[in-house]
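A.B. asks: Provided below: run.cif, containing mmCIF, C-alpha atoms and all ligand atoms.
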data_run
#
loop_
_atom_site.label_atom_id
_atom_site.label_comp_id
_atom_site.auth_asym_id
_atom_site.auth_seq_id
_atom_site.Cartn_x
_atom_site.Cartn_y
_atom_site.Cartn_z
CA MET A 1 14.06 67.54 102.49
CA SER A 2 15.01 70.60 104.57
CA GLU A 3 13.52 73.98 103.73
CA THR A 4 14.77 77.54 104.15
CA THR A 5 12.55 80.55 104.72
CA LEU A 6 13.81 83.92 103.52
CA SER A 7 12.26 87.37 103.78
CA ILE A 8 11.21 88.97 100.48
CA ALA A 9 14.04 91.50 100.94
CA ALA A 10 16.63 88.77 101.56
CA LEU A 11 15.60 86.82 98.45
CA THR A 12 15.63 90.04 96.42
CA GLN A 13 19.18 90.74 97.57
CA ILE A 14 20.39 87.26 96.60
CA VAL A 15 18.76 87.33 93.16
CA THR A 16 20.00 90.88 92.48
CA GLU A 17 23.55 89.85 93.45
CA ILE A 18 23.40 86.89 91.05
CA PHE A 19 22.49 89.17 88.15
CA LEU A 20 24.99 91.89 89.07
CA LYS A 21 27.67 89.22 89.16
CA ALA A 22 26.53 88.02 85.75
CA GLY A 23 27.28 91.49 84.38
CA LEU A 24 23.89 93.21 84.38
CA SER A 25 23.78 96.93 85.10
CA THR A 26 22.13 97.87 88.40
CA GLN A 27 19.05 99.09 86.47
CA GLN A 28 18.68 95.76 84.63
CA ALA A 29 19.58 93.55 87.63
CA GLU A 30 17.14 95.23 90.00
CA ALA A 31 14.28 95.15 87.49
CA VAL A 32 14.86 91.47 86.62
CA ALA A 33 15.23 90.46 90.29
CA ALA A 34 12.02 92.30 91.21
CA VAL A 35 9.84 90.31 88.77
CA ILE A 36 11.49 86.97 89.59
CA VAL A 37 11.04 87.50 93.33
CA ALA A 38 7.47 88.71 92.78
CA GLY A 39 6.77 85.41 90.97
CA GLU A 40 8.20 83.36 93.84
CA ARG A 41 6.42 85.52 96.45
CA ASP A 42 3.04 85.12 94.71
CA GLY A 43 3.37 81.35 94.26
CA CYS A 44 3.92 81.57 90.49
CA LYS A 45 6.74 79.05 90.29
CA SER A 46 6.81 78.96 86.47
CA HIS A 47 8.12 82.55 86.50
CA GLY A 48 9.96 82.61 89.83
CA ILE A 49 13.55 81.66 90.69
CA TYR A 50 13.43 78.75 88.25
CA ARG A 51 13.86 81.46 85.55
CA ILE A 52 17.32 82.47 86.81
CA ASP A 53 19.13 79.70 84.91
CA GLY A 54 17.35 80.47 81.63
CA ASN A 55 18.32 84.10 81.99
CA LEU A 56 21.95 83.21 82.70
CA ARG A 57 22.04 80.81 79.71
CA THR A 58 20.67 83.57 77.48
CA LEU A 59 23.31 85.99 78.77
CA ALA A 60 26.10 83.46 78.30
CA ALA A 61 24.93 82.92 74.70
CA GLY A 62 25.23 86.67 74.10
CA LYS A 63 21.54 86.95 73.21
CA VAL A 64 20.68 89.75 75.66
CA GLN A 65 22.48 93.01 76.37
CA PRO A 66 23.24 93.10 80.11
CA GLN A 67 24.06 96.82 80.21
CA ALA A 68 21.29 98.02 77.86
CA VAL A 69 19.85 101.40 78.77
CA PRO A 70 16.19 101.55 77.69
CA GLU A 71 15.19 104.72 75.86
CA LEU A 72 11.79 106.44 75.96
CA ARG A 73 10.50 107.80 72.65
CA ASP A 74 7.55 110.05 73.38
CA ASP A 75 6.08 112.29 70.67
CA GLY A 76 3.27 113.47 72.95
CA THR A 77 0.62 111.23 71.30
CA GLY A 78 -1.29 108.25 72.70
CA VAL A 79 1.38 105.78 71.55
CA ILE A 80 4.60 105.92 73.51
CA ARG A 81 7.54 103.68 72.69
CA VAL A 82 10.39 102.28 74.70
CA ALA A 83 13.41 100.95 72.85
CA ALA A 84 14.83 98.24 75.12
CA HIS A 85 18.01 98.10 73.01
CA GLY A 86 18.35 94.35 73.48
CA GLY A 87 17.97 94.39 77.27
CA PHE A 88 15.36 92.68 79.45
CA SER A 89 11.75 93.89 79.30
CA PRO A 90 11.23 94.79 83.01
CA ALA A 91 13.63 97.78 82.93
CA ALA A 92 11.99 99.01 79.71
CA PHE A 93 8.51 98.70 81.21
CA ALA A 94 9.57 100.52 84.39
CA LEU A 95 10.85 103.45 82.32
CA GLY A 96 7.70 103.81 80.24
CA ALA A 97 4.96 102.99 82.77
CA PRO A 98 4.65 106.42 84.45
CA VAL A 99 4.37 108.13 81.05
CA LEU A 100 1.81 105.56 79.88
CA ALA A 101 -0.28 106.18 83.02
CA GLU A 102 -0.08 109.96 82.66
CA ARG A 103 -1.06 109.76 78.96
CA ALA A 104 -3.99 107.37 79.54
CA LYS A 105 -5.38 109.69 82.22
CA LYS A 106 -5.04 112.66 79.89
CA LEU A 107 -6.40 111.06 76.70
CA GLY A 108 -8.58 108.27 78.12
CA ILE A 109 -6.54 105.59 76.35
CA ALA A 110 -2.84 105.20 75.63
CA ALA A 111 -0.52 102.43 74.53
CA MET A 112 3.09 101.57 75.20
CA VAL A 113 5.11 99.69 72.63
CA ILE A 114 8.26 98.00 73.90
CA ASN A 115 10.64 96.96 71.13
CA ASP A 116 13.75 94.83 71.04
CA CYS A 117 13.64 93.17 74.47
CA THR A 118 14.31 89.75 75.98
CA HIS A 119 11.01 88.75 77.60
CA PHE A 120 10.79 86.04 80.23
CA SER A 121 8.38 87.32 82.85
CA ALA A 122 4.77 87.12 83.93
CA LEU A 123 2.68 90.12 82.82
CA TRP A 124 0.75 90.73 86.04
CA PRO A 125 3.49 92.88 87.69
CA GLU A 126 3.06 95.30 84.80
CA ILE A 127 -0.73 95.19 84.93
CA GLU A 128 -0.67 95.89 88.67
CA ALA A 129 1.57 98.94 88.15
CA LEU A 130 -1.27 100.38 86.05
CA THR A 131 -4.22 99.28 88.20
CA ASP A 132 -2.36 100.86 91.15
CA ALA A 133 -2.59 104.12 89.19
CA GLY A 134 -6.39 103.70 88.87
CA LEU A 135 -6.30 102.47 85.26
CA ALA A 136 -7.66 99.40 83.51
CA ALA A 137 -4.98 97.73 81.41
CA MET A 138 -4.14 94.97 78.95
CA ALA A 139 -0.73 93.53 78.10
CA MET A 140 0.33 90.95 75.54
CA CYS A 141 3.39 89.65 73.74
CA PRO A 142 4.46 86.85 71.42
CA SER A 143 7.13 84.43 72.68
CA TYR A 144 8.65 81.82 70.33
CA ALA A 145 7.21 79.08 68.15
CA THR A 146 6.34 76.33 70.65
CA VAL A 147 2.55 76.00 70.17
CA ALA A 148 0.66 74.31 67.31
CA PRO A 149 -2.33 76.24 65.93
CA SER A 150 -5.67 74.52 66.53
CA GLY A 151 -6.01 71.82 63.86
CA GLY A 152 -2.28 71.95 63.12
CA ILE A 153 0.48 69.57 64.16
CA SER A 154 3.66 71.52 64.78
CA ALA A 155 4.98 74.54 66.68
CA LEU A 156 4.21 77.89 65.04
CA LEU A 157 2.58 80.25 67.56
CA GLY A 158 4.10 81.23 70.91
CA THR A 159 2.70 80.63 74.38
CA ASN A 160 1.71 84.30 73.97
CA PRO A 161 0.57 85.62 77.36
CA PHE A 162 -2.43 87.91 77.69
CA ALA A 163 -3.23 89.85 80.86
CA PHE A 164 -5.95 92.26 81.94
CA GLY A 165 -6.49 94.31 85.07
CA TRP A 166 -9.26 96.46 86.55
CA PRO A 167 -8.60 98.71 89.56
CA ARG A 168 -10.73 98.13 92.67
CA PRO A 169 -10.54 101.17 94.94
CA GLY A 170 -9.50 100.06 98.43
CA GLY A 171 -8.88 96.44 97.45
CA ASP A 172 -6.78 94.09 95.34
CA PRO A 173 -7.34 94.69 91.62
CA TYR A 174 -9.12 92.23 89.36
CA VAL A 175 -6.28 90.70 87.33
CA PHE A 176 -5.98 87.72 85.06
CA ASP A 177 -2.83 86.71 83.28
CA PHE A 178 -2.42 83.53 81.28
CA ALA A 179 -0.58 81.87 78.46
CA THR A 180 -2.78 81.35 75.40
CA SER A 181 -1.38 77.84 75.25
CA ILE A 182 -3.11 75.39 77.58
CA ALA A 183 -0.25 76.03 80.03
CA ALA A 184 2.90 78.10 80.06
CA ARG A 185 6.01 76.38 78.74
CA GLY A 186 7.53 77.05 82.16
CA GLU A 187 4.87 74.71 83.63
CA VAL A 188 5.95 71.97 81.23
CA GLU A 189 9.59 72.55 82.24
CA LEU A 190 8.64 72.22 85.91
CA HIS A 191 6.86 68.91 85.15
CA ARG A 192 10.01 67.68 83.38
CA ILE A 193 12.27 68.73 86.25
CA SER A 194 10.09 67.00 88.85
CA GLY A 195 9.56 63.90 86.67
CA LYS A 196 5.77 64.30 86.48
CA PRO A 197 3.71 63.46 83.36
CA LEU A 198 1.63 66.21 81.77
CA PRO A 199 -2.16 66.10 81.91
CA GLU A 200 -3.76 64.66 78.74
CA GLY A 201 -4.48 67.22 76.04
CA TRP A 202 -1.63 69.63 76.74
CA ALA A 203 0.81 68.71 73.98
CA VAL A 204 1.84 66.76 70.90
CA ASP A 205 5.25 65.22 70.14
CA HIS A 206 7.42 66.16 67.15
CA GLU A 207 5.30 63.93 64.90
CA GLY A 208 2.07 65.59 66.01
CA ASN A 209 0.92 62.68 68.21
CA PRO A 210 -0.64 63.44 71.63
CA THR A 211 1.87 63.06 74.46
CA THR A 212 2.00 63.38 78.24
CA ASP A 213 5.82 63.19 78.28
CA PRO A 214 7.17 66.69 79.09
CA THR A 215 10.41 66.13 77.16
CA ALA A 216 8.51 64.99 74.06
CA ALA A 217 6.18 67.98 74.48
CA LEU A 218 9.11 70.40 74.67
CA GLN A 219 10.49 68.87 71.45
CA GLY A 220 7.04 68.89 69.84
CA ALA A 221 4.38 71.51 70.55
CA LEU A 222 1.93 72.65 73.21
CA LEU A 223 -1.72 73.14 72.25
CA PRO A 224 -3.69 76.40 72.50
CA PHE A 225 -6.24 76.77 75.32
CA GLY A 226 -9.87 76.50 74.18
CA GLY A 227 -9.10 74.99 70.76
CA HIS A 228 -9.79 77.36 67.86
CA LYS A 229 -10.67 80.22 70.25
CA GLY A 230 -7.29 80.25 72.01
CA SER A 231 -5.59 79.77 68.66
CA ALA A 232 -7.30 82.89 67.30
CA ILE A 233 -6.44 84.99 70.37
CA SER A 234 -2.84 83.84 70.12
CA THR A 235 -2.80 84.82 66.43
CA MET A 236 -4.22 88.24 67.35
CA ILE A 237 -1.27 88.69 69.74
CA GLU A 238 1.19 87.79 66.97
CA LEU A 239 -0.47 90.50 64.85
CA LEU A 240 -0.86 93.28 67.43
CA ALA A 241 2.29 92.74 69.52
CA GLY A 242 4.52 91.45 66.72
CA VAL A 243 3.59 92.52 63.20
CA MET A 244 1.82 95.79 64.12
CA ILE A 245 4.58 97.11 66.40
CA GLY A 246 7.35 96.24 63.92
CA ASP A 247 8.81 93.49 66.04
CA LEU A 248 9.31 89.73 65.79
CA THR A 249 6.51 87.18 65.65
CA SER A 250 7.00 83.89 67.51
CA PRO A 251 8.30 81.93 64.48
CA GLU A 252 10.68 84.80 63.69
CA ALA A 253 11.81 84.97 67.35
CA LEU A 254 12.64 81.25 67.37
CA ALA A 255 14.47 81.51 64.03
CA SER A 256 16.56 84.42 65.27
CA LEU A 257 17.34 82.74 68.63
CA GLY A 258 18.01 79.30 67.19
CA SER A 259 16.85 77.47 70.33
CA ALA A 260 13.91 77.34 72.71
CA GLU A 261 16.45 76.62 75.49
CA LEU A 262 17.13 80.36 75.64
CA LEU A 263 14.72 83.19 76.35
CA PRO A 264 13.00 84.92 73.44
CA HIS A 265 13.63 88.37 72.05
CA HIS A 266 10.69 90.35 70.64
CA GLY A 267 8.37 93.22 71.62
CA GLU A 268 5.37 93.84 73.85
CA LEU A 269 2.17 95.90 73.70
CA VAL A 270 0.57 97.42 76.81
CA ILE A 271 -2.69 99.41 76.63
CA ALA A 272 -4.07 101.51 79.49
CA PHE A 273 -7.63 102.87 79.83
CA SER A 274 -9.17 105.47 82.12
CA PRO A 275 -12.56 104.01 83.15
CA GLU A 276 -13.88 107.45 84.14
CA ARG A 277 -13.01 108.92 80.76
CA PHE A 278 -14.66 106.03 78.91
CA ALA A 279 -17.79 106.23 81.11
CA GLY A 280 -18.04 109.84 79.95
CA GLY A 281 -20.44 110.87 82.70
CA ARG A 282 -23.10 108.31 81.77
CA ALA A 283 -25.25 106.95 84.55
CA GLY A 284 -23.55 104.68 87.08
CA ASP A 285 -20.07 104.83 88.57
CA PRO A 286 -17.98 102.28 86.60
CA PHE A 287 -16.08 101.20 89.71
CA ALA A 288 -19.27 100.59 91.71
CA ARG A 289 -20.81 98.69 88.79
CA ALA A 290 -17.67 96.57 88.51
CA GLU A 291 -17.89 95.74 92.22
CA ALA A 292 -21.45 94.51 91.74
CA LEU A 293 -20.22 92.17 89.01
CA PHE A 294 -17.32 90.84 91.11
CA GLU A 295 -19.63 90.28 94.07
CA ALA A 296 -22.08 88.37 91.88
CA ILE A 297 -19.25 86.12 90.63
CA ALA A 298 -17.99 85.47 94.16
CA GLY A 299 -21.59 85.07 95.31
CA GLN A 300 -21.81 81.88 93.23
CA GLY A 301 -18.81 80.44 95.06
CA ALA A 302 -16.45 81.13 92.14
CA ARG A 303 -13.09 82.68 92.88
CA LEU A 304 -11.72 85.71 91.10
CA PRO A 305 -8.46 85.30 89.18
CA SER A 306 -5.38 86.39 91.17
CA GLN A 307 -7.08 85.68 94.53
CA ARG A 308 -4.75 82.72 95.08
CA ARG A 309 -1.80 84.92 94.17
CA PHE A 310 -2.78 87.74 96.50
CA ALA A 311 -3.24 85.24 99.34
CA ALA A 312 0.24 83.83 98.65
CA ARG A 313 1.62 87.39 98.64
CA ARG A 314 0.14 88.18 102.06
CA LYS A 315 1.49 84.92 103.46
CA ALA A 316 4.96 85.65 102.07
CA ALA A 317 4.90 89.17 103.54
CA ALA A 318 3.99 87.77 106.96
CA GLU A 319 6.00 84.55 107.00
CA GLY A 320 8.65 84.85 104.27
CA ILE A 321 9.27 82.73 101.17
CA THR A 322 10.05 79.06 101.71
CA LEU A 323 12.44 77.32 99.32
CA ASP A 324 13.35 73.64 99.27
CA ALA A 325 16.94 72.43 99.71
CA GLU A 326 17.51 72.02 95.97
CA GLU A 327 16.27 75.54 95.20
CA MET A 328 18.40 77.02 97.98
CA ALA A 329 21.49 75.08 96.85
CA GLY A 330 20.91 76.35 93.29
CA LEU A 331 20.77 79.95 94.49
CA GLU A 332 23.90 79.57 96.62
CA ALA A 333 25.77 77.91 93.75
CA ARG A 334 24.80 80.69 91.36
CA ARG A 335 25.88 83.29 93.90
CA ALA A 336 29.23 81.59 94.58
CA GLN A 337 30.30 80.52 91.08
CA PRO A 338 31.95 82.75 88.52
CA PHE A 339 29.55 83.59 85.70
CA GLY A 340 29.92 81.75 82.40
P1 LIG A 401 -2.49 79.83 85.05
O1 LIG A 401 -3.32 78.92 84.22
O2 LIG A 401 -1.78 79.28 86.20
O3 LIG A 401 -3.39 81.05 85.58
C1 LIG A 401 -4.04 81.88 84.69
C2 LIG A 401 -4.91 82.90 85.39
O4 LIG A 401 -6.12 82.27 85.78
C3 LIG A 401 -4.32 83.51 86.67
O5 LIG A 401 -4.70 84.85 86.73
C4 LIG A 401 -4.98 82.67 87.77
O6 LIG A 401 -5.08 83.34 89.02
C5 LIG A 401 -6.34 82.42 87.19
N1 LIG A 401 -6.97 81.21 87.69
C6 LIG A 401 -6.43 79.98 87.80
N2 LIG A 401 -7.34 79.11 88.29
C7 LIG A 401 -8.48 79.82 88.50
C8 LIG A 401 -9.78 79.50 89.00
N3 LIG A 401 -10.09 78.27 89.37
N4 LIG A 401 -10.70 80.49 89.07
C9 LIG A 401 -10.40 81.74 88.69
N5 LIG A 401 -9.20 82.10 88.22
C10 LIG A 401 -8.25 81.16 88.11
O7 LIG A 401 -1.47 80.63 84.10
P2 LIG A 401 -0.58 80.13 82.89
O8 LIG A 401 0.15 78.87 83.24
O9 LIG A 401 -1.35 80.15 81.64
O10 LIG A 401 0.49 81.34 82.85
C11 LIG A 401 1.36 81.54 83.95
C12 LIG A 401 2.20 82.76 83.74
O11 LIG A 401 3.08 82.57 82.66
C13 LIG A 401 1.44 84.06 83.44
O12 LIG A 401 1.77 84.98 84.47
C14 LIG A 401 2.00 84.52 82.09
O13 LIG A 401 2.17 85.92 81.97
C15 LIG A 401 3.32 83.82 82.06
N6 LIG A 401 3.78 83.62 80.68
C16 LIG A 401 4.73 84.45 80.18
C17 LIG A 401 5.16 84.29 78.88
C18 LIG A 401 6.14 85.23 78.27
O14 LIG A 401 6.43 85.10 77.10
N7 LIG A 401 6.69 86.17 78.97
C19 LIG A 401 4.64 83.22 78.03
C20 LIG A 401 3.62 82.44 78.65
C21 LIG A 401 3.22 82.62 79.94
P3 LIG A 401 -4.12 82.87 90.27
O15 LIG A 401 -2.74 83.30 89.87
O16 LIG A 401 -4.66 83.58 91.45
O17 LIG A 401 -4.25 81.37 90.37
O1 LIG A 402 6.41 79.95 80.14
O2 LIG A 402 5.76 79.86 78.04
C1 LIG A 402 6.45 80.33 78.95
C2 LIG A 402 7.38 81.44 78.62
C3 LIG A 402 7.91 81.75 77.40
C4 LIG A 402 8.72 82.85 77.60
C5 LIG A 402 8.67 83.18 78.92
N1 LIG A 402 7.83 82.32 79.53
#
Is it possible to give me this structure as structure tokens?
C.D. replies:
Amino acid sequence: MSETTLSIAALTQIVTEIFLKAGLSTQQAEAVAAVIVAGERDGCKSHGIYRIDGNLRTLAAGKVQPQAVPELRDDGTGVIRVAAHGGFSPAAFALGAPVLAERAKKLGIAAMVINDCTHFSALWPEIEALTDAGLAAMAMCPSYATVAPSGGISALLGTNPFAFGWPRPGGDPYVFDFATSIAARGEVELHRISGKPLPEGWAVDHEGNPTTDPTAALQGALLPFGGHKGSAISTMIELLAGVMIGDLTSPEALASLGSAELLPHHGELVIAFSPERFAGGRAGDPFARAEALFEAIAGQGARLPSQRRFAARRKAAAEGITLDAEEMAGLEARRAQPFG
């Protein structure tokens, strides 16, 4: 199968054009294209260009506001809010992130609540915006009911991603970002599209029986990572980034959307920390102590999370992003066809 290699800028232009043509404002289109292209650039296929069709389906169903203008609500405290007004989360995050960073540096800790957004993206672009500002950060959100709780048999929790980052002066940050299900639903979709069975232990069918068939898994439920531990972390995310911020939990998000074929609408919680402020002048520079820990991990031959991603990013910057013929044809078709 023939392949096409595009520069990051060229792919960004194509994806932005697709979303402008679909009716998104420039603010929304550029923010959505940036996270999709970042996913493709970093070798995160489950949140790369494969997400374009889901976004367009959600738009066509009228479930996301293409021209939404996110609104910052800042009362000067440690909790800032961004009302996404039914738009996509990346534009809302971009509006609030500088204020979150400024507030965390001033107070030591600050949180950003995003309400009323369609959320389809990986969380690491957001975490890296904060580690780039010298802050440690956590982000989390519900999704929609597609994961059975540990010991249960049917979909209730979301794939609920959780991400953390620590800044490393002069180097790539320490970042992890994962679904609290054993894999992201996007991974299951990619298995279905390429006709590959799932590994054992990922999912159950609609009757609660173990399955390796991606279609049966999508109709049934994924399982949490780490059994009862992942299930509890996922439940915490429902509480903190759903119930606590006055937004939808995963079962509520699925009920309001009516289908897991579209992208979910809910909120997100992002927390930023100033390591210097927390260290409070106690002995030992927190950044130097963190480096000692990272070196000890790597010293055992283990890799740090995001290392694969950063390597893919450097390769893409030097050599471009390579897409197969089917992916390229999909992009061209989306660019050429009228939206709807
Ligand atoms: P993965 O299991 O692919 O990766 C999880 C993390 O673990 C990454 O940081 C990865 O780094 C790291 N990692 C993987 N293997 C190793 C290893 N051997 N040693 C050390 N670290 C390792 O992620 P998921 O499939 O769970 O999630 C993929 C994406 O889906 C996430 O970005 C998440 O935000 C997104 N998502 C979004 C949702 C939403 O509602 N918006 C819902 C669910 C998921 P590396 O990347 O370098 O491999
Ligand atoms: O891959 O599980 C997933 C997902 C849900 C919403 C966005 N991504």
A.B. asks: Any idea what's packed within 6 Å of Arg41 in chain A, counting all atoms listed in the file, ignoring anything in its chain fewer than 4 positions away? Could you give it as a PyMOL selection string?
C.D. replies: chain A and resi 37+313+316
A.B. asks: Would you mind listing the residues within 10 Å of ligand LIG 402 (chain A), counting all atoms listed in the file, as a ChimeraX atom specification?
C.D. replies: /A:46-47,51,54,118-123,141-147,158-161,178-190,222,260,262-265
A.B. asks: For the selection just defined, write its residues with C-alpha atoms to a file, as a short mmCIF file (atom, residue, chain, number, x, y, z; two decimals), in the frame of the given file.
C.D. replies:
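Output file part29.cif follows:
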data_model
loop_
_atom_site.label_atom_id
_atom_site.label_comp_id
_atom_site.auth_asym_id
_atom_site.auth_seq_id
_atom_site.Cartn_x
_atom_site.Cartn_y
_atom_site.Cartn_z
CA SER A 46 6.81 78.96 86.47
CA HIS A 47 8.12 82.55 86.50
CA ARG A 51 13.86 81.46 85.55
CA GLY A 54 17.35 80.47 81.63
CA THR A 118 14.31 89.75 75.98
CA HIS A 119 11.01 88.75 77.60
CA PHE A 120 10.79 86.04 80.23
CA SER A 121 8.38 87.32 82.85
CA ALA A 122 4.77 87.12 83.93
CA LEU A 123 2.68 90.12 82.82
CA CYS A 141 3.39 89.65 73.74
CA PRO A 142 4.46 86.85 71.42
CA SER A 143 7.13 84.43 72.68
CA TYR A 144 8.65 81.82 70.33
CA ALA A 145 7.21 79.08 68.15
CA THR A 146 6.34 76.33 70.65
CA VAL A 147 2.55 76.00 70.17
CA GLY A 158 4.10 81.23 70.91
CA THR A 159 2.70 80.63 74.38
CA ASN A 160 1.71 84.30 73.97
CA PRO A 161 0.57 85.62 77.36
CA PHE A 178 -2.42 83.53 81.28
CA ALA A 179 -0.58 81.87 78.46
CA THR A 180 -2.78 81.35 75.40
CA SER A 181 -1.38 77.84 75.25
CA ILE A 182 -3.11 75.39 77.58
CA ALA A 183 -0.25 76.03 80.03
CA ALA A 184 2.90 78.10 80.06
CA ARG A 185 6.01 76.38 78.74
CA GLY A 186 7.53 77.05 82.16
CA GLU A 187 4.87 74.71 83.63
CA VAL A 188 5.95 71.97 81.23
CA GLU A 189 9.59 72.55 82.24
CA LEU A 190 8.64 72.22 85.91
CA LEU A 222 1.93 72.65 73.21
CA ALA A 260 13.91 77.34 72.71
CA LEU A 262 17.13 80.36 75.64
CA LEU A 263 14.72 83.19 76.35
CA PRO A 264 13.00 84.92 73.44
CA HIS A 265 13.63 88.37 72.05
#
A.B. asks: When you draw a straight line from CA of Ala111 in chain A to CA of Ala272 in chain A, how long is it in Å?
C.D. replies: 6.2 Å
A.B. asks: What does the distance from CA of Gly195 in chain A to CA of Ala325 in chain A come to in Å, to one decimal?
C.D. replies: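 Rounded to one decimal, the two atoms are 17.2 Å apart.
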A.B. asks: Using only C-alpha atoms and all ligand atoms, which of A:Gly48, A:Gly86, A:Pro66, A:Gly134 sits nearest ligand LIG 401 (chain A)?
C.D. replies: A:Gly48
A.B. asks: Could you please fill out range 256-268 of chain A with N, CA and C atoms and send it back as a PDB file, in the frame of the given file?
C.D. replies:
ATOM      1  N   SER A 256      15.426  83.548  64.977  1.00  0.00           N
ATOM      2  CA  SER A 256      16.560  84.420  65.270  1.00  0.00           C
ATOM      3  C   SER A 256      17.343  83.927  66.486  1.00  0.00           C
ATOM      4  N   LEU A 257      16.665  83.238  67.421  1.00  0.00           N
ATOM      5  CA  LEU A 257      17.340  82.740  68.630  1.00  0.00           C
ATOM      6  C   LEU A 257      18.041  81.413  68.367  1.00  0.00           C
ATOM      7  N   GLY A 258      17.413  80.595  67.539  1.00  0.00           N
ATOM      8  CA  GLY A 258      18.010  79.300  67.190  1.00  0.00           C
ATOM      9  C   GLY A 258      17.722  78.188  68.168  1.00  0.00           C
ATOM     10  N   SER A 259      17.092  78.501  69.328  1.00  0.00           N
ATOM     11  CA  SER A 259      16.850  77.470  70.330  1.00  0.00           C
ATOM     12  C   SER A 259      15.802  77.923  71.323  1.00  0.00           C
ATOM     13  N   ALA A 260      14.894  77.004  71.674  1.00  0.00           N
ATOM     14  CA  ALA A 260      13.910  77.340  72.710  1.00  0.00           C
ATOM     15  C   ALA A 260      14.476  77.089  74.113  1.00  0.00           C
ATOM     16  N   GLU A 261      15.793  76.759  74.180  1.00  0.00           N
ATOM     17  CA  GLU A 261      16.450  76.620  75.490  1.00  0.00           C
ATOM     18  C   GLU A 261      16.789  77.984  76.075  1.00  0.00           C
ATOM     19  N   LEU A 262      16.802  78.998  75.192  1.00  0.00           N
ATOM     20  CA  LEU A 262      17.130  80.360  75.640  1.00  0.00           C
ATOM     21  C   LEU A 262      15.840  81.161  75.711  1.00  0.00           C
ATOM     22  N   LEU A 263      15.936  82.393  76.196  1.00  0.00           N
ATOM     23  CA  LEU A 263      14.720  83.190  76.350  1.00  0.00           C
ATOM     24  C   LEU A 263      14.512  84.096  75.134  1.00  0.00           C
ATOM     25  N   PRO A 264      13.256  84.263  74.730  1.00  0.00           N
ATOM     26  CA  PRO A 264      13.000  84.920  73.440  1.00  0.00           C
ATOM     27  C   PRO A 264      13.140  86.439  73.468  1.00  0.00           C
ATOM     28  N   HIS A 265      13.403  86.948  72.300  1.00  0.00           N
ATOM     29  CA  HIS A 265      13.630  88.370  72.050  1.00  0.00           C
ATOM     30  C   HIS A 265      12.534  88.833  71.098  1.00  0.00           C
ATOM     31  N   HIS A 266      11.782  89.835  71.488  1.00  0.00           N
ATOM     32  CA  HIS A 266      10.690  90.350  70.640  1.00  0.00           C
ATOM     33  C   HIS A 266      10.198  91.650  71.240  1.00  0.00           C
ATOM     34  N   GLY A 267       8.914  91.995  71.048  1.00  0.00           N
ATOM     35  CA  GLY A 267       8.370  93.220  71.620  1.00  0.00           C
ATOM     36  C   GLY A 267       7.183  92.936  72.504  1.00  0.00           C
ATOM     37  N   GLU A 268       6.548  93.986  72.977  1.00  0.00           N
ATOM     38  CA  GLU A 268       5.370  93.840  73.850  1.00  0.00           C
ATOM     39  C   GLU A 268       4.458  95.046  73.631  1.00  0.00           C
TER      40      GLU A 268
END
